[in-house]
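This report refers to the structure that appears directly beneath it.
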Amino acid sequence: MTFTVFDVLAWTIVYLNFFVVARIIINQKSFLIKEGIFIIASSILIAILAVVGIAIFDVGGALSGIASLLLGMLYIYKIKAYSITKSIILVFVSVFILTMSDVFAMLTVSFFFPYFLPSVPNFPSPIGLSFYDFARYMPYVLFLIIISALTAFLFTLLTKKQRRLINQSDTAQAVLAGISLIIIAVMIIVTGIWRNLGSTIEFITWTIVPVSGIAVATLAGVILYARALHEQMVRRKKESEQEILQQYTTQIEQQQGIVSKMQHDIGNILSSMEGYLQEDDLAGAKEYFYAKIKMATADITDNNLTLARLANIKVPEIKATLAAKLAVAQSAGIDTNFEANDIIEYIPVNSVALVRMLGIIMDNAIEELVELGRGQLMVACYIVGGGVTFVVQNTCRPDIQKLHELEQVGFSTKGERRGLGLSNLAEIADTYPDNITLCTSIEGESFTQKLRIGGVG
Amino acid sequence: MLHILICEDDIRQRIYMESVVKEHITTKDDEMKLALSSSSPAQILAYTKAHPDKGGLYFLDIDLQHDEMNGIELGAEIRGIDPLAKIVFVTTHSELAHLTFKHKISALDYIVKDRPEEIEMRIHECIKEAHRRYLQEKHEQMKYFKVDANGEVWSIPYDDILFFETHVNIRHRVIIHTENGKIDFRGFLGEIEKLVPEFFRSHKSYLLNIDKISYIDKLTKEAVMPNGKRALVAQKKIAGLVEIIGKR
């Protein structure tokens, strides 16, 4: 069969339409020049493959179909920087919308304006178009573009919430992508058979109906799953907030305990001093002062220091976490030092995530110190450059030198997943905040983790 | 010439510190000078602004009786103007903030006032160390890679870096592997490659410090570092890398 330049032109427009649909579904605001070039070049390439496939190799739309899937995925994955699973899903949705629109447009046009359809040779895989055929074909193509773009737009508008749900779950994405791949494969095979069946009605019966059935069922299933997951997450968040509140309350009770003990001590000291003074025993008073009081007050100020510095932290859940972990360390007999010279009122990150990460870092430090049976825990937080930096430093075994080996087995000896790296921390914290930087280092016997939460922007 | 500055609002303490510094300088008055001694952070800052990039030595009292600024804040301001400044905090035991000095201000050292018997010796030590660094900085330009930790800059000497690696499963994340640790930050290996032309792109996901490679494991196609860390090398880059290491 011979083909003409109008064939290529017609097919290019159809595949441009495919990318337009994909672009609408992606729903991003930015548009890059390289993106435009990629779309146009891909459309022309696919169109040539389509025409060559039909005219020379007689494989119908198989070549161009596969090429359009691959290039569509490449477009979403490479240029739009989505993950592979999302690329598969988005390409499938685009193909699906385009196919549905095509069927709708074909039925509408053939019903109301049959003039525009049947005399085009080999329709719906036109080949050997003259300019006249091409011009006659265009109203249908334009109609298709409008219908598919509208459908894509409506789809984007209506599924916003569902997409957000699916975005949160890797499993849901993987299931959707898998089903998409299966459906695409089925469509390619059935389309091949359909070339022998020939009629539009049979195509609709054998392809569109089952495929839409599967697609809708899967989508419904996945959305239900994602919703359940979302509810679980909300519940867990509530629970962890409750846990934090609980810790905070415990901490306040402990602080009250310390204060009342101090009052008691001071009362005792005063009455003892009074006893010495009443008996005019200056030597005894002197001895008592240096032996007992000086020591006791040193103790009190050291304890108070941590409490006083905690007062600078105005974010309640962070204050509670720090207080709780420092209290744990102190009660385990660890020499603990806390620094907060800046007043911290706001931390630009999801506080549940931060509380967990900070908790894990401090737990790891305390665990190591308990195991070691000596050493010091130092914690500092300060403001710089519009963000907050937390530094946790602990004494560690001198043989913990190979950080990367440590990481592979997981830091905790208790078999819990409490790794060192940021991705491990983040995995436990459910989210991966973009504005976080983590530095882990070992120098001699001191192990330091520095968690930086950057300012907004 | 190493400039030495003192900011202390207790006049007795200040005069004492001045005398210790002057005593140290007398033997080396062509190499260092007491540039300014004051109770006012504003005066110190004005001097730093007028002489940026001097890499001067600052003795800063933490508890300045000035409402607008304490010693740590003053230190942070000085650090912002002069990255080479050598800052020493003079502090009481209760104000001691070891980690904050080290990480926020990158302080050279601190002197604890509560132990008067040690102050003189510690001042001498600090001046010696600051002078040593001052001379070193003058002779060799240390190269640093600056990690933008969202508003805080972490400078890592090239000499500490083993290699850069892109994160396996999180996009736009890069890990710097150093001699004794690692840093996980937001970045793009392609952009970093342009910043550090001395480094070798051995693989799509790896950028190596050539000086740090112990040997190439051709079997596993990995470059092995002195501490045993391993980085991937693409098949087509192996020959080139072996040649470069040979010339080293």
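Residue names in the structure tokens use chain letters A, B, ... in the order shown, residue numbers from 1 in each chain, and ligand numbers from 1 in the order shown.
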Would you list the contacts of A:Lys86 as a PyMOL selection string, taking every protein, DNA or RNA residue within 12 Å and counting only C-alpha atoms, but skipping same-chain residues closer than 2 positions in sequence? chain A and resi 25-26+72-78+80-84+88-93+163+166-178+180-181
Can you write out as a Markdown table which residues of chain B fall within 7 Å of chain A, alongside each residue's closest atom pair and its distance in Å to one decimal, counting only C-alpha atoms and ordering rows by chain and ascending residue number?
```
| residue | atom | partner | partner_atom | distance |
| --- | --- | --- | --- | --- |
| B:Ala97 | CA | A:Glu339 | CA | 5.7 |
| B:Leu99 | CA | A:Ala380 | CA | 6.0 |
| B:Thr100 | CA | A:Ala380 | CA | 6.2 |
| B:Ala149 | CA | A:Thr437 | CA | 5.7 |
| B:Asn150 | CA | A:Gly454 | CA | 4.3 |
| B:Gly151 | CA | A:Gly385 | CA | 4.5 |
| B:Glu152 | CA | A:Gly385 | CA | 5.6 |
| B:Asn180 | CA | A:Ile442 | CA | 5.4 |
| B:Gly181 | CA | A:Ser441 | CA | 3.9 |
| B:Lys182 | CA | A:Thr440 | CA | 5.4 |
| B:Ile183 | CA | A:Cys439 | CA | 4.3 |
| B:Asp184 | CA | A:Leu438 | CA | 5.2 |
| B:Phe185 | CA | A:Thr437 | CA | 4.8 |
```
Take the residues just selected and output them with C-alpha atoms as a compact mmCIF listing (two decimals), in the first residue's frame.
```
# COMPACT_ATOMS: atom_id res chain seq x y z
CA ALA B 97 27.01 25.20 75.99
CA LEU B 99 27.62 21.67 71.48
CA THR B 100 26.16 25.06 70.65
CA ALA B 149 21.30 22.43 55.05
CA ASN B 150 18.27 24.60 54.35
CA GLY B 151 19.60 27.85 55.77
CA GLU B 152 22.61 26.53 57.68
CA ASN B 180 33.92 9.08 59.82
CA GLY B 181 30.31 9.64 58.94
CA LYS B 182 27.80 10.71 56.41
CA ILE B 183 25.48 13.55 55.53
CA ASP B 184 22.10 13.09 53.95
CA PHE B 185 20.83 16.22 52.19
```
Quote the spacing between atom CA of A:Ala135 and atom CA of A:Ala10 in Å to one decimal place. 9.6 Å
Quick one: everything within 7 Å of stretch 102-108 of chain B, counting only C-alpha atoms, minus sequence neighbours fewer than 2 positions away in the same chain. Send it as a VMD selection string. chain B and resid 75 to 76 79 86 to 88 98 to 100
Please identify all polymer residues within 6 Å of stretch 164-174 of chain B, counting only C-alpha atoms, omitting same-chain residues fewer than 4 positions from it, and present them as a PyMOL selection string. chain B and resi 184-188+205-207
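Near stretch 123-135 of chain B, within 7 Å and counting only C-alpha atoms, sit Leu2, His24, Gly55, Leu57 and Lys86 of chain B, not including residues fewer than 6 positions from it in the same chain.
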Students should find that atom CA of A:Leu144 and atom CA of A:Ile44 are spaced 18.6 Å
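The nearest approach to B:Lys143 among the residues B:Val112, B:Leu96, B:Ala42, B:Leu195, with only C-alpha atoms taken into account, belongs to B:Leu195.
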Stretch 190-395 of chain A: residues DSSP assigns to strand (DSSP E or B), reported as a PyMOL selection string: chain A and resi 313+335-339+344+376-384+387-395
Produce a file of the selected residues containing C-alpha atoms, as a PDB file, in the first residue's frame.
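Heads up, here's the output in selection_18.pdb:
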```
ATOM      1  CA  ILE A 313      11.491  25.552  73.992  1.00  0.00           C
ATOM      2  CA  ASP A 335      25.626  12.380  82.932  1.00  0.00           C
ATOM      3  CA  THR A 336      23.232  14.525  80.900  1.00  0.00           C
ATOM      4  CA  ASN A 337      23.679  17.988  79.537  1.00  0.00           C
ATOM      5  CA  PHE A 338      21.119  20.034  77.658  1.00  0.00           C
ATOM      6  CA  GLU A 339      21.652  23.315  75.828  1.00  0.00           C
ATOM      7  CA  ILE A 344      12.321  28.125  69.942  1.00  0.00           C
ATOM      8  CA  GLN A 376      27.887  11.492  78.711  1.00  0.00           C
ATOM      9  CA  LEU A 377      24.784  12.527  76.771  1.00  0.00           C
ATOM     10  CA  MET A 378      24.793  16.017  75.324  1.00  0.00           C
ATOM     11  CA  VAL A 379      21.842  17.538  73.549  1.00  0.00           C
ATOM     12  CA  ALA A 380      21.650  20.988  72.015  1.00  0.00           C
ATOM     13  CA  CYS A 381      19.196  22.877  69.881  1.00  0.00           C
ATOM     14  CA  TYR A 382      19.669  26.266  68.346  1.00  0.00           C
ATOM     15  CA  ILE A 383      18.225  28.564  65.723  1.00  0.00           C
ATOM     16  CA  VAL A 384      20.187  29.640  62.703  1.00  0.00           C
ATOM     17  CA  GLY A 387      15.551  26.935  60.927  1.00  0.00           C
ATOM     18  CA  VAL A 388      16.324  24.766  63.921  1.00  0.00           C
ATOM     19  CA  THR A 389      19.259  22.409  64.410  1.00  0.00           C
ATOM     20  CA  PHE A 390      19.283  19.602  66.971  1.00  0.00           C
ATOM     21  CA  VAL A 391      22.590  18.044  67.987  1.00  0.00           C
ATOM     22  CA  VAL A 392      22.713  14.833  70.000  1.00  0.00           C
ATOM     23  CA  GLN A 393      26.120  13.577  71.073  1.00  0.00           C
ATOM     24  CA  ASN A 394      26.889  10.535  73.142  1.00  0.00           C
ATOM     25  CA  THR A 395      29.923   8.603  74.223  1.00  0.00           C
TER      26      THR A 395
END
```
For stretch 218-231 of chain B: contacts at 8 Å, only C-alpha atoms, fewer than 5 positions along chain excluded, given as a PyMOL selection string: (chain A and resi 402+404) or (chain B and resi 162-163+179+206+208+212-213+238)
With all heavy atoms retained, could you export that selection as a CSV table (one decimal), in the first residue's frame?
```csv
chain,number,residue,atom,x,y,z
A,402,LYS,N,32.9,1.5,62.1
A,402,LYS,CA,32.4,1.4,60.8
A,402,LYS,C,30.9,1.6,60.7
A,402,LYS,O,30.1,0.7,60.8
A,402,LYS,CB,32.8,0.0,60.2
A,402,LYS,CG,34.3,-0.1,60.1
A,402,LYS,CD,34.8,-1.3,59.3
A,402,LYS,CE,36.3,-1.2,59.0
A,402,LYS,NZ,36.8,-2.4,58.5
A,404,HIS,N,29.0,2.3,58.3
A,404,HIS,CA,28.2,1.7,57.2
A,404,HIS,C,27.9,0.3,57.5
A,404,HIS,O,26.9,-0.2,57.1
A,404,HIS,CB,28.9,1.8,55.9
A,404,HIS,CG,30.3,1.3,55.9
A,404,HIS,ND1,31.3,1.8,56.6
A,404,HIS,CD2,30.8,0.2,55.2
A,404,HIS,CE1,32.4,1.1,56.4
A,404,HIS,NE2,32.2,0.1,55.5
B,162,LEU,N,34.8,11.1,51.0
B,162,LEU,CA,35.2,9.9,50.2
B,162,LEU,C,34.5,9.9,48.9
B,162,LEU,O,35.1,9.9,47.8
B,162,LEU,CB,34.8,8.7,51.0
B,162,LEU,CG,35.5,8.5,52.4
B,162,LEU,CD1,35.0,7.3,53.1
B,162,LEU,CD2,37.0,8.4,52.2
B,163,PHE,N,33.1,10.0,49.0
B,163,PHE,CA,32.4,10.1,47.7
B,163,PHE,C,30.9,10.6,48.0
B,163,PHE,O,30.5,10.6,49.1
B,163,PHE,CB,32.3,8.7,47.0
B,163,PHE,CG,31.8,7.6,47.8
B,163,PHE,CD1,30.4,7.3,47.8
B,163,PHE,CD2,32.6,6.8,48.5
B,163,PHE,CE1,29.9,6.3,48.5
B,163,PHE,CE2,32.1,5.7,49.3
B,163,PHE,CZ,30.8,5.5,49.3
B,179,GLU,N,35.1,10.5,56.0
B,179,GLU,CA,36.0,9.5,56.7
B,179,GLU,C,35.3,8.8,57.9
B,179,GLU,O,35.4,7.7,58.1
B,179,GLU,CB,37.2,10.3,57.2
B,179,GLU,CG,38.1,10.8,56.1
B,179,GLU,CD,39.2,9.9,55.7
B,179,GLU,OE1,39.2,8.7,56.1
B,179,GLU,OE2,40.0,10.3,54.9
B,206,TYR,N,27.3,7.8,41.5
B,206,TYR,CA,28.5,8.0,42.3
B,206,TYR,C,29.4,9.0,41.8
B,206,TYR,O,29.7,9.1,40.6
B,206,TYR,CB,29.2,6.7,42.5
B,206,TYR,CG,28.4,5.7,43.4
B,206,TYR,CD1,27.5,4.8,42.8
B,206,TYR,CD2,28.6,5.7,44.8
B,206,TYR,CE1,26.8,4.0,43.6
B,206,TYR,CE2,27.9,4.8,45.6
B,206,TYR,CZ,27.0,4.0,45.0
B,206,TYR,OH,26.3,3.1,45.8
B,208,LEU,N,33.3,10.3,42.9
B,208,LEU,CA,34.4,9.9,43.8
B,208,LEU,C,35.5,10.9,44.0
B,208,LEU,O,35.8,11.6,43.1
B,208,LEU,CB,35.0,8.6,43.3
B,208,LEU,CG,34.2,7.4,42.9
B,208,LEU,CD1,35.0,6.3,42.5
B,208,LEU,CD2,33.2,7.1,43.9
B,212,LYS,N,41.1,9.4,47.5
B,212,LYS,CA,40.7,8.6,48.7
B,212,LYS,C,40.5,7.1,48.3
B,212,LYS,O,40.2,6.3,49.1
B,212,LYS,CB,39.4,9.1,49.3
B,212,LYS,CG,39.5,10.4,49.9
B,212,LYS,CD,40.3,10.4,51.2
B,212,LYS,CE,40.5,11.8,51.7
B,212,LYS,NZ,41.4,11.7,52.9
B,213,ILE,N,40.7,6.8,47.0
B,213,ILE,CA,40.4,5.4,46.6
B,213,ILE,C,41.6,4.5,47.0
B,213,ILE,O,42.8,4.9,46.6
B,213,ILE,CB,40.2,5.3,45.1
B,213,ILE,CG1,39.0,6.2,44.8
B,213,ILE,CG2,39.9,3.9,44.7
B,213,ILE,CD1,38.7,6.4,43.3
B,238,ILE,N,35.8,2.0,34.3
B,238,ILE,CA,36.8,1.3,35.1
B,238,ILE,C,38.2,1.6,34.5
B,238,ILE,O,39.1,2.0,35.3
B,238,ILE,CB,36.6,-0.2,35.1
B,238,ILE,CG1,35.4,-0.5,36.0
B,238,ILE,CG2,37.8,-0.9,35.7
B,238,ILE,CD1,35.1,-2.0,36.2
```
